[in-house]
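K.L.:
Once you've had a glance at the structure underneath, I'll fire off some questions.
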Amino acid sequence: MTIQEKIEEALTKDLAPTYLVVENESHLHIGHAGDDGSGNTHFNVKIASETFSGYNRITCHRMVYKSLNEYINNPIHALKIEIIT
């Protein structure tokens, strides 16, 4: 299972998204800080979930980070999150 698939699986399990797109953008950061050559360091997540109802964006971002905690910094170096309401 790829890191992208693991991200999708964790977010689906923890947040039951109504919309989820996970894009691996590691190829855009080759040679930059945090690039370990694995091709699994930079991701963009676009997510909508009923779980976010009533919470501000900061809290929603924290929910995403909590869901992906085991992957943050190993191997994920950068995670862009777009909360869709």
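Starting from 1 in every chain, residues are counted up; chains themselves are A, B, ... following the order of the structure tokens, and ligands are numbered from 1 as listed.
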Can you pull out the residues contacting Leu11 of chain A? Cut-off 8 Å, using only C-alpha atoms, and skip same-chain residues under 5 positions away; I want them as a VMD selection string.

P.N.:
chain A and resid 16 to 17 64 67 to 68

K.L.:
Just want the 7 Å neighbourhood of segment 69-75 of chain A, counted on only C-alpha atoms, with same-chain residues fewer than 3 positions away dropped. Output as an NGL selection string.

P.N.:
:A and (40-41 or 65-66)

K.L.:
Those residues you just picked out, can you put them in a file as a PDB file, in the first residue's frame with all heavy atoms?

P.N.:
```pdb
ATOM      1  N   ASN A  40       7.453  10.438  -1.630  1.00  0.00           N
ATOM      2  CA  ASN A  40       6.311  10.371  -0.707  1.00  0.00           C
ATOM      3  C   ASN A  40       6.438  11.362   0.437  1.00  0.00           C
ATOM      4  O   ASN A  40       6.211  11.019   1.594  1.00  0.00           O
ATOM      5  CB  ASN A  40       6.187   8.954  -0.129  1.00  0.00           C
ATOM      6  CG  ASN A  40       5.751   7.956  -1.161  1.00  0.00           C
ATOM      7  OD1 ASN A  40       4.691   8.107  -1.763  1.00  0.00           O
ATOM      8  ND2 ASN A  40       6.558   6.946  -1.382  1.00  0.00           N
ATOM      9  N   THR A  41       6.774  12.600   0.115  1.00  0.00           N
ATOM     10  CA  THR A  41       7.038  13.575   1.176  1.00  0.00           C
ATOM     11  C   THR A  41       6.103  14.776   1.182  1.00  0.00           C
ATOM     12  O   THR A  41       5.961  15.428   2.207  1.00  0.00           O
ATOM     13  CB  THR A  41       8.479  14.095   1.062  1.00  0.00           C
ATOM     14  OG1 THR A  41       8.677  14.622  -0.265  1.00  0.00           O
ATOM     15  CG2 THR A  41       9.495  12.999   1.334  1.00  0.00           C
ATOM     16  N   TYR A  65      -4.611  16.319  10.984  1.00  0.00           N
ATOM     17  CA  TYR A  65      -3.274  15.992  11.485  1.00  0.00           C
ATOM     18  C   TYR A  65      -3.319  14.832  12.480  1.00  0.00           C
ATOM     19  O   TYR A  65      -2.454  13.965  12.462  1.00  0.00           O
ATOM     20  CB  TYR A  65      -2.616  17.215  12.131  1.00  0.00           C
ATOM     21  CG  TYR A  65      -1.913  18.096  11.141  1.00  0.00           C
ATOM     22  CD1 TYR A  65      -2.455  19.311  10.752  1.00  0.00           C
ATOM     23  CD2 TYR A  65      -0.697  17.719  10.580  1.00  0.00           C
ATOM     24  CE1 TYR A  65      -1.815  20.126   9.833  1.00  0.00           C
ATOM     25  CE2 TYR A  65      -0.042  18.514   9.667  1.00  0.00           C
ATOM     26  CZ  TYR A  65      -0.601  19.719   9.295  1.00  0.00           C
ATOM     27  OH  TYR A  65       0.040  20.511   8.383  1.00  0.00           O
ATOM     28  N   LYS A  66      -4.318  14.810  13.348  1.00  0.00           N
ATOM     29  CA  LYS A  66      -4.436  13.711  14.314  1.00  0.00           C
ATOM     30  C   LYS A  66      -4.626  12.385  13.585  1.00  0.00           C
ATOM     31  O   LYS A  66      -4.022  11.372  13.944  1.00  0.00           O
ATOM     32  CB  LYS A  66      -5.596  13.970  15.264  1.00  0.00           C
ATOM     33  CG  LYS A  66      -5.758  12.901  16.316  1.00  0.00           C
ATOM     34  CD  LYS A  66      -6.891  13.209  17.270  1.00  0.00           C
ATOM     35  CE  LYS A  66      -7.020  12.092  18.296  1.00  0.00           C
ATOM     36  NZ  LYS A  66      -8.143  12.319  19.197  1.00  0.00           N
TER      37      LYS A  66
END
```

K.L.:
For each of A:Val21, A:Ile3, A:Ile83, A:Ala78, take the minimum atom-to-atom distance to Tyr55 of chain A, counting only C-alpha atoms, then give the residue where this is smallest.

P.N.:
A:Ile83

K.L.:
Pick out each residue of chain A that DSSP on the backbone tags as strand (DSSP E or B); I need them as a PyMOL selection string.

P.N.:
chain A and resi 17-24+42-49+72+76+78-83

K.L.:
Can you pull out every residue within 10 Å of Thr51 of chain A, counting only C-alpha atoms, but drop anything in the same chain fewer than 5 positions away, and send it as a VMD selection string?

P.N.:
chain A and resid 14 to 18 60 63

K.L.:
The selected residues should be written to file as a short mmCIF file (atom, residue, chain, number, x, y, z; two decimals), in the first residue's frame (atoms: N, CA, C and O atoms).

P.N.:
```cif
data_model
loop_
_atom_site.label_atom_id
_atom_site.label_comp_id
_atom_site.auth_asym_id
_atom_site.auth_seq_id
_atom_site.Cartn_x
_atom_site.Cartn_y
_atom_site.Cartn_z
N ASP A 14 -11.24 7.67 9.91
CA ASP A 14 -11.38 8.58 11.05
C ASP A 14 -12.39 9.70 10.83
O ASP A 14 -13.02 10.15 11.79
N LEU A 15 -12.54 10.16 9.58
CA LEU A 15 -13.35 11.36 9.36
C LEU A 15 -14.55 11.16 8.43
O LEU A 15 -15.32 12.09 8.21
N ALA A 16 -14.71 9.97 7.87
CA ALA A 16 -15.84 9.66 6.99
C ALA A 16 -16.13 10.79 6.00
O ALA A 16 -17.21 11.37 6.01
N PRO A 17 -15.17 11.11 5.16
CA PRO A 17 -15.36 12.26 4.26
C PRO A 17 -16.46 12.04 3.23
O PRO A 17 -16.67 10.92 2.76
N THR A 18 -17.13 13.14 2.90
CA THR A 18 -18.09 13.13 1.81
C THR A 18 -17.38 13.48 0.50
O THR A 18 -17.92 13.24 -0.58
N CYS A 60 -10.52 21.76 12.41
CA CYS A 60 -10.62 20.76 11.34
C CYS A 60 -9.24 20.31 10.88
O CYS A 60 -9.00 19.11 10.66
N MET A 63 -7.88 17.91 13.30
CA MET A 63 -8.48 16.57 13.14
C MET A 63 -7.76 15.79 12.04
O MET A 63 -7.50 14.59 12.20
#
```

K.L.:
Between A:Thr85, A:Gln4, A:Leu79, A:Val22, which has the minimum distance to Arg57 of chain A (counting only C-alpha atoms)?

P.N.:
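Going through A:Thr85, A:Gln4, A:Leu79, A:Val22 one by one, the smallest distance to Arg57 of chain A is for A:Thr85.
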
K.L.:
Atom CA of Thr12 of chain A to atom CA of Ser49 of chain A: how many Å, to one decimal?

P.N.:
9.5 Å
